[in-house]
2 protein chains.
Amino acid sequence: MASVDNALQAVDGALDANLARLFDFLRIPSISTDPAHKEACQRAADWVAGELRALGLAVDVHPTGGHPVVLGRTDTGAARRVLFYGHYDVQPVDPLDLWDAAPFEPHFGATPDGRRTIVARGAADDKGQVLTFLDALRAFKATTGGFPVDVTVLLEGEEECGSPHLPAFLAAHAGDLSADLALVCDTGMWDAKTPSITTSLRGILHTEITVTGADRDLHSGLFGGAARNPIHVLAKIIADAHDDTGRVAIPGFYDEVVELPEEVRARWASLGMTAETFLKPIGLSVSAGERDRQVIEQIQSRPTFEVNGIYGGYTGAGTKTIIASSATAKISFRLVADQDPAKIRDAFEAFVKARIPADCTVTFHETDGSRAFLVPPDSPDLARAASALEAEWGLKPVTIGSGGSIPIVGQFKRLLGVDTLLIGFGLDDDRVHSPNEKYDLSSFHKGTRSWVRILDALA
Amino acid sequence: MASVDNALQAVDGALDANLARLFDFLRIPSISTDPAHKEACQRAADWVAGELRALGLAVDVHPTGGHPVVLGRTDTGAARRVLFYGHYDVQPVDPLDLWDAAPFEPHFGATPDGRRTIVARGAADDKGQVLTFLDALRAFKATTGGFPVDVTVLLEGEEECGSPHLPAFLAAHAGDLSADLALVCDTGMWDAKTPSITTSLRGILHTEITVTGADRDLHSGLFGGAARNPIHVLAKIIADAHDDTGRVAIPGFYDEVVELPEEVRARWASLGMTAETFLKPIGLSVSAGERDRQVIEQIQSRPTFEVNGIYGGYTGAGTKTIIASSATAKISFRLVADQDPAKIRDAFEAFVKARIPADCTVTFHETDGSRAFLVPPDSPDLARAASALEAEWGLKPVTIGSGGSIPIVGQFKRLLGVDTLLIGFGLDDDRVHSPNEKYDLSSFHKGTRSWVRILDALA
């Protein structure tokens with residue numbers, strides 16, 4: 001226990017130095033999606049590789065078809081090994097004129113209610129969060145000369161553009177990446193005082209459908225009333241996809257969905273999230289989801305059908321009286337429990353085809369998907385991490401699902417056979433992906449302290 | 001009768017000269033919607049003004065807020081006066097790479113079945129058709145020194161961009177425009193051998209609706225399942241707009257629609273137009289319209305609801321998992337009989353508002369409309385024009401409605417109190433508004449001869 005206390009004290013004493021190091025990291029404009037920032041991404045990779053080497057890890061910077069993957073590891077023969085994942089790349093900064101200061105010149109700020117913040121692109125997503133983990137390692141290194149567990153650190157540079165090269169990297173390096181548990185620091189807290197562990201993620205299925213009618217755009221005066229309008233056909237498919245109770249009406253859609261254990265449902269209900277509190281900040285107030293479900297279920301443990309985009313016909317200014325030849329919708333499903341993306345895709349395609357008139361056609365493009373992910377509620381590592389967080393924050397962490405989909409977690413499970421705990425210190429007001437992104441100073445400081453406690457607890 | 005025969009002979013003898021003049025007109029790239037072609041539009045206006053002066057008309061080229069209106073007239077004290085309307089502007093030419101030759105370098109071509117054609121942008125719409133009328137005047141002028149009737153010729157340069165300045169011009173010059181009958185040459189024949197007079201037009205109502213939900217685009221993982229998706233709301237409105245029999249399901253929509261007289265229905269049935277014959281050339285085969293109605297009714301005497309364009313959310317390449325803040329549809333109704341655009345607009349707005357969730361909003365933009373138009377079936381001028389066409393083509397003309405909407409016709413009726421006969425010589429395969437637009441040589445030659453006979457008959 002003494003080693004934990006010493007390491008926590010070291011974190012407190014090193015705060016200014018750790019912040020200076022974070023500011024150095026934040027000054028590198030590693031926007032992965034923009035080819036003009038390729039050199040900056042390489043620089044960020046080299047910077048984190050240097051930090052890992054300084055901590056005593058053996059490090060390789062692996063080239064990929066895009067930006068490098070940085071992989072560092074210790075091999076001290078410790079009883080257990082954790083695999084830590086984060087990313088050194090950041091989102092683009094446009095619209096630049098909505099920033100109060102230059103996005104890559106980090107500075108301190110404050111929230112309206114007085115919390116101190118670090119403001120810069122990447123402060124929360126994910127550079128600040130990555131350094132909470134590295135600075136926890138640093139504190140152990142400074143006070144004990146080593147770490148409670150062996151660590152493998154995997155930092156990629158393409159998270160913000162879909163991680164196109166990561167699955168192949170994981171498959172090729174599966175041996176180097178084996179671990180007892182994976183830790184991902186890219187999520188948030190329940191609120192500024194309450195820590196959280198994300199133990200489930202919804203899966204996802206993307207698809208895109210184009211309905212085609214006539215072989216050209218038609219004059220709506222000359223043909224209107226007889227010719228099929230593909231926008232109408234597409235609208236009917238979308239309208240039919242939900243019934244009047246908000247359930248997805250695709251046959252078989254819920255076959256592999258399981259009900260929440262009563263205990264979980266009760267715990268979630270006790271969190272007090274209502275449609276009004278959840279939706280008010282975005283200008284809504286009425287849940288559009290399945291009737292008779294809590295909002296937290298709707299967004300975390302229930303599957304969805306959403307049209308993410310639609311277009312067809314004339315979309316410019318003014319009017320053009322045409323019947324379009326085709327109309328397209330981009331669609332995604334969020335999947336839960338045992339829903340299989342391939343099976344859902346087949347069910348949806350059958351549902352669509354049943355609604356295509358005899359003389360129209362439909363094409364499906366860009367289908368890909370990943371299953372939902374769930375850490376078993378009785379996982380001993382989950383209990384250890386939860387106790388460690390409670391010791392730091394003074395409140396039991398909320399263990400919840402996330403409605404989002406983080407494909408890396410599924411890949412860890414599928415390719416490496418390892419479960420993941422998602423623990424992060426972001427807050428709802430961090431403006432991730434938006435102008436004036438920030439990370440609370442408390443998230444950074446107590447986040448680092450949290451990892452000290454968690455690493456000790458996992459040993 | 002001798003004067004008609006002489007004039008017809010003059011048309012035959014002048015064919016080469018008339019074609020040369022048409023080619024000159026076609027070489028002027030008078031694309032009205034493109035500001036870069038403003039000077040070309042002025043040049044086209046001046047060119048037709050010169051032609052009218054050469055025919056002995058008193059001509060003014062009236063500036064407007066856009067392109068000029070050319071107005072010419074004779075005042076010989078003839079017993080009757082006709083008002084002829086056409087336009088000197090043309091559609092844009094893109095996509096240019098689908099043209100087999102430069103669009104403003106007219107040349108002769110042929111259809112697969114051997115009909116000779118004139119190929120150029122504007123050949124059919126409307127330069128070739130305008131010159132059929134002017135060349136008929138020319139034949140009378142050459143053989144008799146004058147015309148059988150007094151004529152007013154109104155040629156505008158903004159037909160292809162919605163005639164924004166024409167209503168004000170008509171209102172301001174109503175006195176100069178008074179006539180016994182208006183003639184519009186901007187329509188087509190029933191087929192290459194059968195002439196046609198269009199005696200009814202559907203009216204039109206344009207509207208555009210935007211449904212707005214959250215005050216920003218949302219992450220579909222974090223909010224999907226609870227947040228309202230405006231694309232779904234819009235799709236439901238569109239799907240609800242028709243019932244399962246193809247009828248428009250907006251309450252009150254059919255209140256002012258009248259059934260065809262049995263005689264007209266029988267005559268239309270005898271024309272032999274089927275869903276298959278009508279739709280096959282555009283790659284369709286099944287009528288989408290009201291069940292148990294003839295196709296010709298569906299497109300001419302029945303009203304419609306069509307979505308002309310739709311957009312919302314992410315429409316770029318690949319995927320973006322958002323729930324859009326808003327979605328928009330551009331909608332037009334074709335109106336018949338006594339349907340009042342204002343009343344239909346109100347009924348539609350009520351129909352939409354009943355489908356907007358409590359926390360969403362809807363806005364309606366750009367609403368404008370015009371009523372349907374119908375020439376009385378017992379009009380003596382209709383009978384005169386029909387006999388003249390029969391004499392030229394050897395077949396009784398088909399007198400039908402058009403599903404399209406030509407607002408000028410309604411304005412002539414409302415502002416000038418004058419009925420319009422729409423007589424044109426275009427064919428279904430003219431590729432109007434498309435690459436490789438053409439006009440049959442026979443349309444041009446026999447069209448000119450037709451006007452000689454019609455002008456004589458109307459005298």
# chains A, B, ... in the order shown; residues from 1 in each chain; ligands from 1
>>> interface_residues(of="chain A", to="chain B", cutoff="6 Å", atoms="only C-alpha atoms", output="ChimeraX atom specification")
/A:214-215,221-222,224-228,235-236,239,282-284,287-289,298-299,304,308-315,321-323,359,403-404
>>> residues_around(residues="range 5-16 of chain B", least_positions_apart="5", cutoff="10 Å", atoms="only C-alpha atoms", output="VMD selection string")
chain B and resid 21 to 22 132 135 to 144 441 444 to 446 448 to 453
>>> write_last_selection(atoms="N, CA and C atoms", output="PDB file, in the first residue's frame")
ATOM      1  N   ARG B  21     -31.899  30.901 -91.569  1.00  0.00           N
ATOM      2  CA  ARG B  21     -32.237  31.893 -90.546  1.00  0.00           C
ATOM      3  C   ARG B  21     -32.346  31.219 -89.170  1.00  0.00           C
ATOM      4  N   LEU B  22     -32.970  30.024 -89.125  1.00  0.00           N
ATOM      5  CA  LEU B  22     -33.067  29.287 -87.858  1.00  0.00           C
ATOM      6  C   LEU B  22     -31.668  28.954 -87.314  1.00  0.00           C
ATOM      7  N   THR B 132     -41.467  28.873 -86.790  1.00  0.00           N
ATOM      8  CA  THR B 132     -42.578  28.373 -87.625  1.00  0.00           C
ATOM      9  C   THR B 132     -43.641  29.455 -87.760  1.00  0.00           C
ATOM     10  N   ASP B 135     -42.167  32.500 -89.809  1.00  0.00           N
ATOM     11  CA  ASP B 135     -42.023  32.162 -91.233  1.00  0.00           C
ATOM     12  C   ASP B 135     -43.381  32.056 -91.936  1.00  0.00           C
ATOM     13  N   ALA B 136     -44.406  31.724 -91.185  1.00  0.00           N
ATOM     14  CA  ALA B 136     -45.760  31.746 -91.763  1.00  0.00           C
ATOM     15  C   ALA B 136     -46.155  33.196 -92.064  1.00  0.00           C
ATOM     16  N   LEU B 137     -45.857  34.097 -91.121  1.00  0.00           N
ATOM     17  CA  LEU B 137     -46.115  35.522 -91.384  1.00  0.00           C
ATOM     18  C   LEU B 137     -45.341  35.969 -92.629  1.00  0.00           C
ATOM     19  N   ARG B 138     -44.093  35.519 -92.712  1.00  0.00           N
ATOM     20  CA  ARG B 138     -43.223  35.900 -93.835  1.00  0.00           C
ATOM     21  C   ARG B 138     -43.832  35.463 -95.172  1.00  0.00           C
ATOM     22  N   ALA B 139     -44.426  34.276 -95.199  1.00  0.00           N
ATOM     23  CA  ALA B 139     -45.013  33.753 -96.443  1.00  0.00           C
ATOM     24  C   ALA B 139     -46.209  34.604 -96.873  1.00  0.00           C
ATOM     25  N   PHE B 140     -47.035  35.024 -95.885  1.00  0.00           N
ATOM     26  CA  PHE B 140     -48.146  35.927 -96.224  1.00  0.00           C
ATOM     27  C   PHE B 140     -47.626  37.261 -96.718  1.00  0.00           C
ATOM     28  N   LYS B 141     -46.635  37.760 -96.003  1.00  0.00           N
ATOM     29  CA  LYS B 141     -46.076  39.062 -96.365  1.00  0.00           C
ATOM     30  C   LYS B 141     -45.565  39.043 -97.806  1.00  0.00           C
ATOM     31  N   ALA B 142     -44.870  37.936 -98.158  1.00  0.00           N
ATOM     32  CA  ALA B 142     -44.260  37.836 -99.489  1.00  0.00           C
ATOM     33  C   ALA B 142     -45.305  37.717-100.589  1.00  0.00           C
ATOM     34  N   THR B 143     -46.439  37.099-100.247  1.00  0.00           N
ATOM     35  CA  THR B 143     -47.415  36.816-101.301  1.00  0.00           C
ATOM     36  C   THR B 143     -48.589  37.778-101.317  1.00  0.00           C
ATOM     37  N   THR B 144     -48.929  38.378-100.146  1.00  0.00           N
ATOM     38  CA  THR B 144     -50.090  39.275-100.113  1.00  0.00           C
ATOM     39  C   THR B 144     -49.744  40.660 -99.617  1.00  0.00           C
ATOM     40  N   LEU B 441     -37.223  18.071 -89.088  1.00  0.00           N
ATOM     41  CA  LEU B 441     -37.345  18.956 -90.244  1.00  0.00           C
ATOM     42  C   LEU B 441     -38.814  19.064 -90.649  1.00  0.00           C
ATOM     43  N   PHE B 444     -40.623  21.486 -88.501  1.00  0.00           N
ATOM     44  CA  PHE B 444     -40.340  22.867 -88.877  1.00  0.00           C
ATOM     45  C   PHE B 444     -41.092  23.258 -90.149  1.00  0.00           C
ATOM     46  N   HIS B 445     -41.044  22.403 -91.152  1.00  0.00           N
ATOM     47  CA  HIS B 445     -41.629  22.738 -92.445  1.00  0.00           C
ATOM     48  C   HIS B 445     -43.171  22.693 -92.388  1.00  0.00           C
ATOM     49  N   LYS B 446     -43.692  21.566 -91.935  1.00  0.00           N
ATOM     50  CA  LYS B 446     -45.152  21.446 -91.885  1.00  0.00           C
ATOM     51  C   LYS B 446     -45.741  22.282 -90.746  1.00  0.00           C
ATOM     52  N   THR B 448     -44.683  25.331 -90.058  1.00  0.00           N
ATOM     53  CA  THR B 448     -44.844  26.640 -90.693  1.00  0.00           C
ATOM     54  C   THR B 448     -46.101  26.640 -91.584  1.00  0.00           C
ATOM     55  N   ARG B 449     -46.249  25.601 -92.378  1.00  0.00           N
ATOM     56  CA  ARG B 449     -47.436  25.481 -93.237  1.00  0.00           C
ATOM     57  C   ARG B 449     -48.723  25.458 -92.389  1.00  0.00           C
ATOM     58  N   SER B 450     -48.645  24.793 -91.227  1.00  0.00           N
ATOM     59  CA  SER B 450     -49.828  24.719 -90.359  1.00  0.00           C
ATOM     60  C   SER B 450     -50.264  26.115 -89.916  1.00  0.00           C
ATOM     61  N   TRP B 451     -49.277  26.961 -89.528  1.00  0.00           N
ATOM     62  CA  TRP B 451     -49.639  28.317 -89.075  1.00  0.00           C
ATOM     63  C   TRP B 451     -50.258  29.125 -90.216  1.00  0.00           C
ATOM     64  N   VAL B 452     -49.781  28.911 -91.453  1.00  0.00           N
ATOM     65  CA  VAL B 452     -50.399  29.600 -92.591  1.00  0.00           C
ATOM     66  C   VAL B 452     -51.890  29.266 -92.623  1.00  0.00           C
ATOM     67  N   ARG B 453     -52.204  28.004 -92.510  1.00  0.00           N
ATOM     68  CA  ARG B 453     -53.604  27.569 -92.576  1.00  0.00           C
ATOM     69  C   ARG B 453     -54.402  28.073 -91.363  1.00  0.00           C
TER      70      ARG B 453
END
>>> atom_distance(atom1="CA of Ala120 in chain A", atom2="CA of Leu26 in chain A")
6.8 Å
>>> residues_around(residues="Val48 in chain B", least_positions_apart="3", cutoff="8 Å", atoms="only C-alpha atoms", output="VMD selection string")
chain B and resid 44 to 45 51 to 52 70 88
>>> atom_distance(atom1="CA of Leu19 in chain A", atom2="CA of Trp47 in chain A")
15.1 Å
>>> closest_residue(among="A:Gln129, A:Ser387, A:Thr363, A:Ser370", to="Asp338 in chain A", atoms="only C-alpha atoms")
A:Ser370
